[in-house]
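Here's the structure, in structure tokens; my notes come after.
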Amino acid sequence: MNDLNPKTPVTLPERLTREWVEGSRLPTEKPQGTLKLDFSRTQAIDSAGISLIHLLNSRYNKAGHKLVLTNISDELLLTVKRWASKPEEVAPQKGQGFFADIGDKTVGFYEELVKAVSIFVETVYWGTIGLIYKRDFRRGILGEQMYQLGFNAIGIVGLLSFLIGIVLSIQSAIQLRQFGADVFLVAMITWGMIREMGPLMTAIILAGRSGSATTAEIATMVVQEEVDAIKTMGLNHIQFIVVPKFWAISLTMPMLAVLSMVAGILGGLVVSLFYVNLTVDLFISEMVKNLFVKDFIISIIKSVIFAWLIIWIGAYFGFKVRGGAEEVGKETTASVVVGIFVIIIADALFSFIYDIKIFGL
């Protein structure tokens with residue numbers, strides 16, 4: 001190593017690691033003039049080397065001198081800057097005024113919106129056109145994700161839909177009985193489950209179950225630096241992690257929505273038999289009269305879009321996590337709340353679109 005002559009640059013090794021730092025005199029030398037560090041040979045640097053650079057920079061600045069990094073590559077310079085810790089520069093300013101706060105929140109919202117849209121666009125791209133390249137897609141992962149996100153949810157979707165069908169049927173029957181219109185209960189429960197409650201309840205259940213699981217899984221991978229490891233290996237983290245979930249829930253959500261419709265109608269059948277005293281034949285004939293292909297098609301389209309929203313929101317909040325276990329819990333909770341909120345808004349928009357017959361159905 002060169003002597004610490006202010007006019008002579010110190011040439012650093014090919015790998016600036018802890019072993020080299022421990023054998024160097026740089027950490028103990030007193031600042032004398034401007035110190036130049038030559039990175040022309042350096043290809044890699046670890047945390048000890050970065051800590052040494054920040055230590056020297058702090059020491060020389062306090063002594064009124066300068067630390068100069070010469071011939072350093074852009075990649076190494078970016079790595080050194082990322083490890084800089086200056087809380088005073090990033091701490092939010094207090095008392096800066098109402099309009100300044102509004103501006104900061106607007107800019108923050110715009111940045112988060114760009115990140116969210118970027119994740120969605122990448123997911124759609126790597127889930128469609130990107131599949132042509134057949135890279136970063138593990139064999140058998142689609143079936144595994146369909147089992148976890150879809151098959152394991154059959155029980156809870158079927159049971160809750162059946163119970164909701166019973167509750168809606170009883171409440172409707174109480175009102176219809178006052179006007180002697182018990183037979184219209186079949187039409188109400190059929191329309192309600194196929195047009196609205198089937199896909200909506202399935203989406204809400206999966207937002208709380210599969211959406212939260214997606215967020216927690218991705219967030220844990222971020223915290224444990226598994227996502228960084230995937231990027232380091234040259235793999236696309238969106239295609240490797242999100243795309244299998246995207247296709248799995250896109251395929252299983254419509255099937256679960258159909259299951260929810262059937263379970264809800266069965267709940268209405270139970271109420272019709274034991275509370276309204278309708279016969280099975282009458283129930284089936286009235287149900288067939290009120291079954292329309294257009295309602296079924298709209299419900300399938302809704303369920304697919306709800307599935308995309310669930311995975312998109314789950315992935316966004318998962319990749320957003322920075323910190324530890326506490327942040328994982330916060331973002332998982334936020335994922336469920338936002339997911340259910342967005343699904344209900346999307347369902348309301350679908351109802352409006354259906355009413356004005358934009359689809360021509």
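Residues in the structure tokens are named by chain (A, B, ... in the order shown) and by number from 1 within that chain; ligands are numbered from 1 in the order shown.
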Neighbour list for Ser250 (chain A) as a ChimeraX atom specification, cut-off 8 Å, only C-alpha atoms, skip fewer than 5 positions in-chain: /A:304,307-308
Any chance you could tabulate, as JSON lines, the residues of region 260-344 of chain A at most 6 Å from region 198-204 of chain A with each one's nearest atom pair and distance in Å to one decimal, using only C-alpha atoms, in chain and rising number order?
{"residue": "A:Ser260", "atom": "CA", "partner": "A:Gly198", "partner_atom": "CA", "distance": 5.0}
{"residue": "A:Met261", "atom": "CA", "partner": "A:Gly198", "partner_atom": "CA", "distance": 4.7}
{"residue": "A:Ser303", "atom": "CA", "partner": "A:Pro199", "partner_atom": "CA", "distance": 5.3}
{"residue": "A:Ile340", "atom": "CA", "partner": "A:Ile204", "partner_atom": "CA", "distance": 5.8}
Expected file: the selected residues, N, CA, C and O atoms, as an mmCIF file, in the first residue's frame:
data_model
loop_
_atom_site.group_PDB
_atom_site.id
_atom_site.type_symbol
_atom_site.label_atom_id
_atom_site.label_comp_id
_atom_site.auth_asym_id
_atom_site.auth_seq_id
_atom_site.Cartn_x
_atom_site.Cartn_y
_atom_site.Cartn_z
ATOM 1 N N SER A 260 -69.730 -20.191 -5.202
ATOM 2 C CA SER A 260 -70.438 -19.286 -4.304
ATOM 3 C C SER A 260 -71.878 -19.086 -4.759
ATOM 4 O O SER A 260 -72.805 -19.072 -3.933
ATOM 5 N N MET A 261 -72.080 -18.923 -6.058
ATOM 6 C CA MET A 261 -73.451 -18.777 -6.577
ATOM 7 C C MET A 261 -74.299 -20.002 -6.254
ATOM 8 O O MET A 261 -75.433 -19.888 -5.775
ATOM 9 N N SER A 303 -65.442 -11.451 -11.638
ATOM 10 C CA SER A 303 -64.601 -12.268 -10.767
ATOM 11 C C SER A 303 -63.141 -12.261 -11.223
ATOM 12 O O SER A 303 -62.233 -12.230 -10.387
ATOM 13 N N ILE A 340 -60.396 -4.857 0.062
ATOM 14 C CA ILE A 340 -61.861 -4.935 0.181
ATOM 15 C C ILE A 340 -62.508 -3.631 -0.281
ATOM 16 O O ILE A 340 -63.531 -3.638 -0.980
#
Region 35-93 of chain A: residues DSSP assigns to alpha helix (DSSP H), reported as an mmCIF file with N, CA and C atoms, in the first residue's frame:
data_model
loop_
_atom_site.group_PDB
_atom_site.id
_atom_site.type_symbol
_atom_site.label_atom_id
_atom_site.label_comp_id
_atom_site.auth_asym_id
_atom_site.auth_seq_id
_atom_site.Cartn_x
_atom_site.Cartn_y
_atom_site.Cartn_z
ATOM 1 N N SER A 47 -19.291 -4.389 3.331
ATOM 2 C CA SER A 47 -19.747 -3.403 4.311
ATOM 3 C C SER A 47 -18.590 -2.784 5.093
ATOM 4 N N ALA A 48 -17.526 -3.567 5.340
ATOM 5 C CA ALA A 48 -16.371 -3.025 6.063
ATOM 6 C C ALA A 48 -15.676 -1.950 5.242
ATOM 7 N N GLY A 49 -15.547 -2.185 3.931
ATOM 8 C CA GLY A 49 -14.929 -1.183 3.069
ATOM 9 C C GLY A 49 -15.758 0.088 2.986
ATOM 10 N N ILE A 50 -17.076 -0.065 2.896
ATOM 11 C CA ILE A 50 -17.954 1.108 2.856
ATOM 12 C C ILE A 50 -17.869 1.888 4.172
ATOM 13 N N SER A 51 -17.841 1.166 5.289
ATOM 14 C CA SER A 51 -17.722 1.818 6.599
ATOM 15 C C SER A 51 -16.407 2.579 6.711
ATOM 16 N N LEU A 52 -15.339 2.015 6.138
ATOM 17 C CA LEU A 52 -14.042 2.695 6.160
ATOM 18 C C LEU A 52 -14.114 4.020 5.402
ATOM 19 N N ILE A 53 -14.750 4.005 4.242
ATOM 20 C CA ILE A 53 -14.848 5.225 3.437
ATOM 21 C C ILE A 53 -15.638 6.298 4.182
ATOM 22 N N HIS A 54 -16.760 5.918 4.784
ATOM 23 C CA HIS A 54 -17.559 6.901 5.523
ATOM 24 C C HIS A 54 -16.821 7.393 6.771
ATOM 25 N N LEU A 55 -16.049 6.520 7.407
ATOM 26 C CA LEU A 55 -15.251 6.927 8.569
ATOM 27 C C LEU A 55 -14.191 7.954 8.163
ATOM 28 N N LEU A 56 -13.490 7.672 7.073
ATOM 29 C CA LEU A 56 -12.460 8.608 6.609
ATOM 30 C C LEU A 56 -13.080 9.931 6.179
ATOM 31 N N ASN A 57 -14.214 9.870 5.507
ATOM 32 C CA ASN A 57 -14.874 11.093 5.051
ATOM 33 C C ASN A 57 -15.284 11.971 6.227
ATOM 34 N N SER A 58 -15.848 11.357 7.272
ATOM 35 C CA SER A 58 -16.255 12.107 8.458
ATOM 36 C C SER A 58 -15.035 12.701 9.169
ATOM 37 N N ARG A 59 -13.988 11.893 9.275
ATOM 38 C CA ARG A 59 -12.786 12.345 9.997
ATOM 39 C C ARG A 59 -12.104 13.494 9.262
ATOM 40 N N TYR A 60 -11.980 13.389 7.949
ATOM 41 C CA TYR A 60 -11.291 14.432 7.181
ATOM 42 C C TYR A 60 -12.128 15.713 7.126
ATOM 43 N N ASN A 61 -13.442 15.594 7.070
ATOM 44 C CA ASN A 61 -14.288 16.792 7.075
ATOM 45 C C ASN A 61 -14.176 17.548 8.386
ATOM 46 N N LYS A 62 -14.146 16.813 9.495
ATOM 47 C CA LYS A 62 -14.009 17.467 10.797
ATOM 48 C C LYS A 62 -12.668 18.158 10.944
ATOM 49 N N ASP A 74 -19.385 3.799 -11.545
ATOM 50 C CA ASP A 74 -20.706 4.286 -11.140
ATOM 51 C C ASP A 74 -21.404 3.301 -10.205
ATOM 52 N N GLU A 75 -21.198 2.009 -10.444
ATOM 53 C CA GLU A 75 -21.847 0.998 -9.612
ATOM 54 C C GLU A 75 -21.339 1.040 -8.185
ATOM 55 N N LEU A 76 -20.005 1.131 -8.025
ATOM 56 C CA LEU A 76 -19.442 1.198 -6.671
ATOM 57 C C LEU A 76 -19.820 2.509 -5.988
ATOM 58 N N LEU A 77 -19.846 3.596 -6.746
ATOM 59 C CA LEU A 77 -20.215 4.885 -6.155
ATOM 60 C C LEU A 77 -21.657 4.858 -5.667
ATOM 61 N N LEU A 78 -22.541 4.231 -6.447
ATOM 62 C CA LEU A 78 -23.941 4.123 -6.033
ATOM 63 C C LEU A 78 -24.067 3.268 -4.777
ATOM 64 N N THR A 79 -23.281 2.205 -4.691
ATOM 65 C CA THR A 79 -23.296 1.348 -3.501
ATOM 66 C C THR A 79 -22.852 2.109 -2.262
ATOM 67 N N VAL A 80 -21.802 2.907 -2.406
ATOM 68 C CA VAL A 80 -21.303 3.695 -1.269
ATOM 69 C C VAL A 80 -22.345 4.722 -0.835
ATOM 70 N N LYS A 81 -23.004 5.371 -1.798
ATOM 71 C CA LYS A 81 -24.007 6.383 -1.455
ATOM 72 C C LYS A 81 -25.224 5.774 -0.783
ATOM 73 N N ARG A 82 -25.601 4.564 -1.213
ATOM 74 C CA ARG A 82 -26.781 3.923 -0.621
ATOM 75 C C ARG A 82 -26.578 3.602 0.850
ATOM 76 N N PRO A 87 -29.835 10.806 8.828
ATOM 77 C CA PRO A 87 -31.238 10.990 9.205
ATOM 78 C C PRO A 87 -31.682 12.440 9.183
ATOM 79 N N GLU A 88 -30.716 13.358 9.447
ATOM 80 C CA GLU A 88 -31.115 14.745 9.506
ATOM 81 C C GLU A 88 -31.555 15.272 8.151
ATOM 82 N N GLU A 89 -31.126 14.623 7.054
ATOM 83 C CA GLU A 89 -31.474 15.101 5.734
ATOM 84 C C GLU A 89 -32.832 14.595 5.277
ATOM 85 N N VAL A 90 -33.286 13.484 5.835
ATOM 86 C CA VAL A 90 -34.538 12.887 5.383
ATOM 87 C C VAL A 90 -35.660 13.036 6.406
#
Using only C-alpha atoms, determine which residues lie at most 12 Å from Ser272 (chain A), disregarding the query and same-chain residues fewer than 4 positions distant; provide the list as number ranges by chain. A: 165-174, 177, 182-189, 265-268, 276-284, 286-287
Store the residues picked out above in a file with N, CA and C atoms, as a short mmCIF file (atom, residue, chain, number, x, y, z; two decimals), in the first residue's frame.
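Generated output (out.cif):
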data_model
loop_
_atom_site.label_atom_id
_atom_site.label_comp_id
_atom_site.auth_asym_id
_atom_site.auth_seq_id
_atom_site.Cartn_x
_atom_site.Cartn_y
_atom_site.Cartn_z
N GLY A 165 -76.68 -17.00 1.74
CA GLY A 165 -77.90 -17.30 1.00
C GLY A 165 -79.08 -17.54 1.92
N ILE A 166 -78.85 -18.23 3.02
CA ILE A 166 -79.92 -18.48 3.99
C ILE A 166 -80.39 -17.17 4.63
N VAL A 167 -79.44 -16.33 5.04
CA VAL A 167 -79.79 -15.06 5.70
C VAL A 167 -80.56 -14.15 4.75
N LEU A 168 -80.06 -14.00 3.52
CA LEU A 168 -80.76 -13.14 2.55
C LEU A 168 -82.15 -13.67 2.24
N SER A 169 -82.27 -14.98 2.14
CA SER A 169 -83.58 -15.58 1.81
C SER A 169 -84.58 -15.36 2.94
N ILE A 170 -84.15 -15.53 4.17
CA ILE A 170 -85.07 -15.34 5.30
C ILE A 170 -85.53 -13.90 5.39
N GLN A 171 -84.58 -12.96 5.27
CA GLN A 171 -84.95 -11.55 5.35
C GLN A 171 -85.87 -11.14 4.21
N SER A 172 -85.62 -11.67 3.01
CA SER A 172 -86.48 -11.35 1.87
C SER A 172 -87.85 -12.00 2.03
N ALA A 173 -87.86 -13.24 2.52
CA ALA A 173 -89.13 -13.96 2.67
C ALA A 173 -90.05 -13.26 3.67
N ILE A 174 -89.47 -12.69 4.72
CA ILE A 174 -90.29 -11.99 5.72
C ILE A 174 -91.03 -10.82 5.08
N ARG A 177 -93.67 -12.12 2.28
CA ARG A 177 -94.84 -12.79 2.84
C ARG A 177 -95.95 -11.80 3.16
N ASP A 182 -94.50 -14.86 -2.00
CA ASP A 182 -93.42 -15.76 -1.60
C ASP A 182 -92.68 -16.35 -2.79
N VAL A 183 -93.38 -16.57 -3.88
CA VAL A 183 -92.76 -17.23 -5.02
C VAL A 183 -91.65 -16.39 -5.64
N PHE A 184 -91.71 -15.06 -5.46
CA PHE A 184 -90.68 -14.19 -6.02
C PHE A 184 -89.35 -14.28 -5.25
N LEU A 185 -89.35 -15.01 -4.15
CA LEU A 185 -88.11 -15.22 -3.40
C LEU A 185 -87.08 -15.92 -4.27
N VAL A 186 -87.52 -16.85 -5.10
CA VAL A 186 -86.59 -17.61 -5.94
C VAL A 186 -85.88 -16.67 -6.91
N ALA A 187 -86.63 -15.78 -7.54
CA ALA A 187 -86.02 -14.82 -8.47
C ALA A 187 -85.03 -13.91 -7.77
N MET A 188 -85.38 -13.45 -6.57
CA MET A 188 -84.51 -12.53 -5.84
C MET A 188 -83.20 -13.19 -5.47
N ILE A 189 -83.27 -14.41 -4.95
CA ILE A 189 -82.03 -15.07 -4.51
C ILE A 189 -81.19 -15.48 -5.71
N ILE A 265 -77.57 -20.17 -3.72
CA ILE A 265 -78.88 -20.60 -4.21
C ILE A 265 -79.38 -21.81 -3.42
N LEU A 266 -78.46 -22.70 -3.04
CA LEU A 266 -78.85 -23.83 -2.20
C LEU A 266 -79.36 -23.34 -0.85
N GLY A 267 -78.73 -22.29 -0.31
CA GLY A 267 -79.23 -21.71 0.93
C GLY A 267 -80.64 -21.17 0.75
N GLY A 268 -80.90 -20.54 -0.41
CA GLY A 268 -82.26 -20.09 -0.70
C GLY A 268 -83.23 -21.24 -0.85
N VAL A 276 -90.77 -21.09 3.59
CA VAL A 276 -91.79 -20.57 2.68
C VAL A 276 -92.73 -21.66 2.19
N ASN A 277 -92.32 -22.91 2.37
CA ASN A 277 -93.13 -24.08 1.97
C ASN A 277 -93.33 -24.17 0.46
N LEU A 278 -92.27 -23.82 -0.31
CA LEU A 278 -92.30 -24.04 -1.75
C LEU A 278 -91.79 -25.45 -2.06
N THR A 279 -92.20 -26.01 -3.16
CA THR A 279 -91.73 -27.34 -3.55
C THR A 279 -90.43 -27.21 -4.34
N VAL A 280 -89.71 -28.32 -4.43
CA VAL A 280 -88.45 -28.33 -5.17
C VAL A 280 -88.71 -28.05 -6.65
N ASP A 281 -89.75 -28.67 -7.20
CA ASP A 281 -90.06 -28.46 -8.62
C ASP A 281 -90.37 -27.00 -8.92
N LEU A 282 -91.15 -26.36 -8.04
CA LEU A 282 -91.48 -24.96 -8.25
C LEU A 282 -90.24 -24.08 -8.14
N PHE A 283 -89.39 -24.39 -7.17
CA PHE A 283 -88.15 -23.62 -7.00
C PHE A 283 -87.28 -23.71 -8.25
N ILE A 284 -87.11 -24.93 -8.77
CA ILE A 284 -86.25 -25.13 -9.95
C ILE A 284 -86.85 -24.43 -11.17
N GLU A 286 -88.84 -21.81 -11.30
CA GLU A 286 -88.70 -20.36 -11.16
C GLU A 286 -87.25 -19.93 -11.33
N MET A 287 -86.33 -20.76 -10.84
CA MET A 287 -84.91 -20.43 -10.98
C MET A 287 -84.49 -20.44 -12.44
#
Between A:Trp312, A:Lys245, A:Ile102, A:His237, which is the closest to Glu225 (chain A) once you count only C-alpha atoms? A:His237
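Minimum distance to Glu327 (chain A) across A:Ala348, A:Val222, A:Ile313, A:Trp247 (counting only C-alpha atoms) occurs at A:Val222.
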For Glu14 (chain A), find every residue with an atom within 8 Å (counting only C-alpha atoms), except residues of its own chain fewer than 4 positions away, and show them as number ranges by chain. A: 41-44
Let me see the file: selected residues, N, CA, C and O atoms, as a compact mmCIF listing (two decimals), in the first residue's frame.
# COMPACT_ATOMS: atom_id res chain seq x y z
N ARG A 41 -8.47 -0.23 -9.60
CA ARG A 41 -8.38 -1.70 -9.57
C ARG A 41 -9.55 -2.34 -8.85
O ARG A 41 -9.76 -3.55 -8.96
N THR A 42 -10.30 -1.58 -8.10
CA THR A 42 -11.33 -2.14 -7.23
C THR A 42 -12.55 -2.59 -8.04
O THR A 42 -13.11 -1.83 -8.83
N GLN A 43 -12.94 -3.84 -7.82
CA GLN A 43 -14.11 -4.42 -8.49
C GLN A 43 -15.26 -4.70 -7.53
O GLN A 43 -16.41 -4.77 -7.96
N ALA A 44 -14.94 -4.90 -6.27
CA ALA A 44 -15.98 -5.25 -5.29
C ALA A 44 -15.65 -4.60 -3.96
O ALA A 44 -14.49 -4.34 -3.64
Show which residues sit within 12 Å of Asn152 (chain A), as a ChimeraX atom specification. Count only C-alpha atoms, and ignore same-chain residues fewer than 2 positions away. /A:144-150,154-158,206,209-210,249,252,256
Expected file: the selected residues, N, CA, C and O atoms, as an mmCIF file, in the first residue's frame:
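Wrote it out as selection-v8.cif, contents follow:
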data_model
loop_
_atom_site.group_PDB
_atom_site.id
_atom_site.type_symbol
_atom_site.label_atom_id
_atom_site.label_comp_id
_atom_site.auth_asym_id
_atom_site.auth_seq_id
_atom_site.Cartn_x
_atom_site.Cartn_y
_atom_site.Cartn_z
ATOM 1 N N GLU A 144 -49.236 -25.511 -7.906
ATOM 2 C CA GLU A 144 -49.055 -25.302 -6.469
ATOM 3 C C GLU A 144 -49.799 -24.067 -5.985
ATOM 4 O O GLU A 144 -50.476 -24.093 -4.957
ATOM 5 N N GLN A 145 -49.703 -22.964 -6.756
ATOM 6 C CA GLN A 145 -50.386 -21.732 -6.373
ATOM 7 C C GLN A 145 -51.903 -21.868 -6.508
ATOM 8 O O GLN A 145 -52.654 -21.316 -5.698
ATOM 9 N N MET A 146 -52.367 -22.606 -7.525
ATOM 10 C CA MET A 146 -53.809 -22.836 -7.662
ATOM 11 C C MET A 146 -54.344 -23.628 -6.473
ATOM 12 O O MET A 146 -55.454 -23.386 -6.000
ATOM 13 N N TYR A 147 -53.546 -24.542 -5.974
ATOM 14 C CA TYR A 147 -53.954 -25.322 -4.800
ATOM 15 C C TYR A 147 -54.036 -24.435 -3.567
ATOM 16 O O TYR A 147 -55.000 -24.500 -2.796
ATOM 17 N N GLN A 148 -53.019 -23.581 -3.382
ATOM 18 C CA GLN A 148 -52.983 -22.742 -2.183
ATOM 19 C C GLN A 148 -54.024 -21.625 -2.224
ATOM 20 O O GLN A 148 -54.705 -21.362 -1.236
ATOM 21 N N LEU A 149 -54.135 -20.942 -3.379
ATOM 22 C CA LEU A 149 -55.022 -19.789 -3.468
ATOM 23 C C LEU A 149 -56.464 -20.164 -3.772
ATOM 24 O O LEU A 149 -57.387 -19.432 -3.419
ATOM 25 N N GLY A 150 -56.672 -21.289 -4.446
ATOM 26 C CA GLY A 150 -58.010 -21.654 -4.873
ATOM 27 C C GLY A 150 -58.603 -22.843 -4.156
ATOM 28 O O GLY A 150 -59.632 -22.735 -3.471
ATOM 29 N N ILE A 154 -61.986 -23.441 -0.997
ATOM 30 C CA ILE A 154 -63.299 -23.978 -1.357
ATOM 31 C C ILE A 154 -64.214 -24.073 -0.134
ATOM 32 O O ILE A 154 -65.384 -23.676 -0.179
ATOM 33 N N GLY A 155 -63.704 -24.582 0.956
ATOM 34 C CA GLY A 155 -64.516 -24.777 2.154
ATOM 35 C C GLY A 155 -65.107 -23.488 2.684
ATOM 36 O O GLY A 155 -66.325 -23.383 2.896
ATOM 37 N N ILE A 156 -64.271 -22.488 2.887
ATOM 38 C CA ILE A 156 -64.750 -21.244 3.490
ATOM 39 C C ILE A 156 -65.663 -20.488 2.525
ATOM 40 O O ILE A 156 -66.671 -19.889 2.947
ATOM 41 N N VAL A 157 -65.354 -20.512 1.221
ATOM 42 C CA VAL A 157 -66.214 -19.837 0.247
ATOM 43 C C VAL A 157 -67.580 -20.502 0.181
ATOM 44 O O VAL A 157 -68.625 -19.838 0.215
ATOM 45 N N GLY A 158 -67.593 -21.828 0.111
ATOM 46 C CA GLY A 158 -68.863 -22.544 0.028
ATOM 47 C C GLY A 158 -69.718 -22.368 1.275
ATOM 48 O O GLY A 158 -70.927 -22.112 1.189
ATOM 49 N N LEU A 206 -61.462 -13.883 -0.533
ATOM 50 C CA LEU A 206 -60.097 -14.104 -1.013
ATOM 51 C C LEU A 206 -59.198 -12.904 -0.732
ATOM 52 O O LEU A 206 -57.993 -13.065 -0.561
ATOM 53 N N ARG A 209 -58.184 -13.591 2.700
ATOM 54 C CA ARG A 209 -57.417 -14.824 2.862
ATOM 55 C C ARG A 209 -56.170 -14.835 1.977
ATOM 56 O O ARG A 209 -55.046 -14.804 2.462
ATOM 57 N N SER A 210 -56.388 -14.857 0.666
ATOM 58 C CA SER A 210 -55.273 -14.988 -0.272
ATOM 59 C C SER A 210 -54.517 -13.680 -0.450
ATOM 60 O O SER A 210 -53.295 -13.681 -0.625
ATOM 61 N N ILE A 249 -54.789 -17.319 -9.437
ATOM 62 C CA ILE A 249 -56.048 -16.754 -8.938
ATOM 63 C C ILE A 249 -56.971 -16.362 -10.091
ATOM 64 O O ILE A 249 -58.195 -16.368 -9.949
ATOM 65 N N THR A 252 -58.686 -19.736 -10.830
ATOM 66 C CA THR A 252 -59.498 -20.323 -9.764
ATOM 67 C C THR A 252 -60.631 -19.419 -9.295
ATOM 68 O O THR A 252 -61.652 -19.895 -8.813
ATOM 69 N N LEU A 256 -64.448 -20.467 -8.140
ATOM 70 C CA LEU A 256 -64.922 -20.221 -6.780
ATOM 71 C C LEU A 256 -66.169 -19.339 -6.785
ATOM 72 O O LEU A 256 -67.057 -19.514 -5.946
#
Applying 7 Å and only C-alpha atoms, which residues near Gly264 (chain A) remain after dropping the ones on its own chain fewer than 6 positions away? List them as an MDAnalysis selection string. chainID A and resid 161:162 164:165 193
File of the preceding selection, all heavy atoms, as a compact mmCIF listing (two decimals), in the first residue's frame:
# COMPACT_ATOMS: atom_id res chain seq x y z
N SER A 161 -70.95 -18.62 1.70
CA SER A 161 -71.96 -18.31 0.68
C SER A 161 -73.28 -19.00 0.99
O SER A 161 -74.36 -18.41 0.80
CB SER A 161 -71.45 -18.72 -0.70
OG SER A 161 -70.26 -18.03 -1.04
N PHE A 162 -73.22 -20.23 1.47
CA PHE A 162 -74.44 -20.95 1.84
C PHE A 162 -75.16 -20.24 2.98
O PHE A 162 -76.39 -20.04 2.93
CB PHE A 162 -74.08 -22.38 2.25
CG PHE A 162 -75.24 -23.21 2.69
CD1 PHE A 162 -76.16 -23.71 1.78
CD2 PHE A 162 -75.43 -23.49 4.04
CE1 PHE A 162 -77.25 -24.48 2.19
CE2 PHE A 162 -76.50 -24.25 4.48
CZ PHE A 162 -77.41 -24.75 3.54
N ILE A 164 -74.86 -17.05 3.84
CA ILE A 164 -75.35 -15.75 3.37
C ILE A 164 -76.61 -15.94 2.55
O ILE A 164 -77.57 -15.14 2.64
CB ILE A 164 -74.25 -15.05 2.54
CG1 ILE A 164 -73.13 -14.58 3.47
CG2 ILE A 164 -74.83 -13.86 1.77
CD1 ILE A 164 -71.92 -14.06 2.76
N GLY A 165 -76.68 -17.00 1.74
CA GLY A 165 -77.90 -17.30 1.00
C GLY A 165 -79.08 -17.54 1.92
O GLY A 165 -80.20 -17.07 1.64
N MET A 193 -77.51 -13.72 -6.08
CA MET A 193 -76.29 -14.52 -5.98
C MET A 193 -75.50 -14.51 -7.28
O MET A 193 -74.26 -14.50 -7.25
CB MET A 193 -76.64 -15.96 -5.59
CG MET A 193 -77.18 -16.11 -4.18
SD MET A 193 -76.12 -15.37 -2.88
CE MET A 193 -74.58 -16.25 -3.11
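Proximity of A:Met221, A:Ala346, A:Ile132, A:Ile305 to Gly318 (chain A), computed with only C-alpha atoms, is greatest for A:Met221.
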Residue contacts of Ala116 (chain A) (10 Å, only C-alpha atoms) excluding same-chain residues fewer than 4 positions away, as an NGL selection string: :A and (110-112 or 120-121 or 312-313 or 315-317 or 319-320)
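The shortest atom-to-atom distance to Ser24 (chain A), with only C-alpha atoms taken into account, belongs to A:Val10 out of A:Ile345, A:Val10, A:Ala100, A:Val338.
Taking only region 25-155 of chain A, the residues that DSSP calls strand (DSSP E) from the backbone come to Leu35, Lys36, Leu37, Asp38, Ala44, Ile45, Leu67, Val68, Leu69 and Thr70 of chain A.
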Let me see the file: selected residues, all heavy atoms, as a compact mmCIF listing (two decimals), in the first residue's frame.
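selection06.txt written:
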# COMPACT_ATOMS: atom_id res chain seq x y z
N LEU A 35 -6.82 13.55 1.01
CA LEU A 35 -6.53 12.12 0.81
C LEU A 35 -7.26 11.64 -0.44
O LEU A 35 -8.48 11.79 -0.55
CB LEU A 35 -6.97 11.30 2.02
CG LEU A 35 -6.82 9.77 1.88
CD1 LEU A 35 -5.36 9.38 1.67
CD2 LEU A 35 -7.40 9.07 3.10
N LYS A 36 -6.51 11.06 -1.36
CA LYS A 36 -7.10 10.53 -2.58
C LYS A 36 -7.06 9.00 -2.56
O LYS A 36 -6.00 8.42 -2.31
CB LYS A 36 -6.35 11.05 -3.81
CG LYS A 36 -6.42 12.55 -4.00
CD LYS A 36 -5.67 12.98 -5.26
CE LYS A 36 -5.78 14.49 -5.46
NZ LYS A 36 -5.06 14.93 -6.69
N LEU A 37 -8.22 8.41 -2.79
CA LEU A 37 -8.33 6.95 -2.86
C LEU A 37 -8.57 6.55 -4.30
O LEU A 37 -9.55 6.98 -4.93
CB LEU A 37 -9.48 6.45 -1.98
CG LEU A 37 -9.40 6.78 -0.48
CD1 LEU A 37 -10.62 6.21 0.25
CD2 LEU A 37 -8.12 6.23 0.12
N ASP A 38 -7.66 5.72 -4.84
CA ASP A 38 -7.72 5.31 -6.24
C ASP A 38 -8.47 3.97 -6.35
O ASP A 38 -8.00 2.95 -5.84
CB ASP A 38 -6.31 5.18 -6.81
CG ASP A 38 -6.33 4.86 -8.30
OD1 ASP A 38 -7.43 4.86 -8.89
OD2 ASP A 38 -5.25 4.62 -8.86
N ALA A 44 -14.94 -4.90 -6.27
CA ALA A 44 -15.98 -5.25 -5.29
C ALA A 44 -15.65 -4.60 -3.96
O ALA A 44 -14.49 -4.34 -3.64
CB ALA A 44 -16.10 -6.76 -5.13
N ILE A 45 -16.71 -4.35 -3.17
CA ILE A 45 -16.54 -3.73 -1.86
C ILE A 45 -17.61 -4.27 -0.93
O ILE A 45 -18.76 -4.46 -1.33
CB ILE A 45 -16.64 -2.19 -1.98
CG1 ILE A 45 -16.34 -1.52 -0.63
CG2 ILE A 45 -17.98 -1.77 -2.52
CD1 ILE A 45 -16.23 -0.01 -0.73
N LEU A 67 -11.63 14.24 1.39
CA LEU A 67 -11.42 12.86 0.94
C LEU A 67 -11.93 12.78 -0.50
O LEU A 67 -13.10 13.09 -0.77
CB LEU A 67 -12.18 11.87 1.82
CG LEU A 67 -12.12 10.41 1.38
CD1 LEU A 67 -10.71 9.85 1.54
CD2 LEU A 67 -13.12 9.55 2.16
N VAL A 68 -11.07 12.37 -1.43
CA VAL A 68 -11.41 12.33 -2.85
C VAL A 68 -11.36 10.89 -3.33
O VAL A 68 -10.36 10.18 -3.11
CB VAL A 68 -10.45 13.21 -3.69
CG1 VAL A 68 -10.82 13.13 -5.18
CG2 VAL A 68 -10.49 14.64 -3.20
N LEU A 69 -12.43 10.44 -3.99
CA LEU A 69 -12.49 9.10 -4.57
C LEU A 69 -12.25 9.22 -6.07
O LEU A 69 -13.05 9.84 -6.79
CB LEU A 69 -13.85 8.45 -4.30
CG LEU A 69 -14.35 8.45 -2.86
CD1 LEU A 69 -15.68 7.73 -2.76
CD2 LEU A 69 -13.32 7.83 -1.92
N THR A 70 -11.17 8.65 -6.56
CA THR A 70 -10.83 8.75 -7.97
C THR A 70 -11.00 7.41 -8.67
O THR A 70 -10.82 6.35 -8.07
CB THR A 70 -9.38 9.24 -8.14
OG1 THR A 70 -8.50 8.28 -7.55
CG2 THR A 70 -9.17 10.58 -7.47
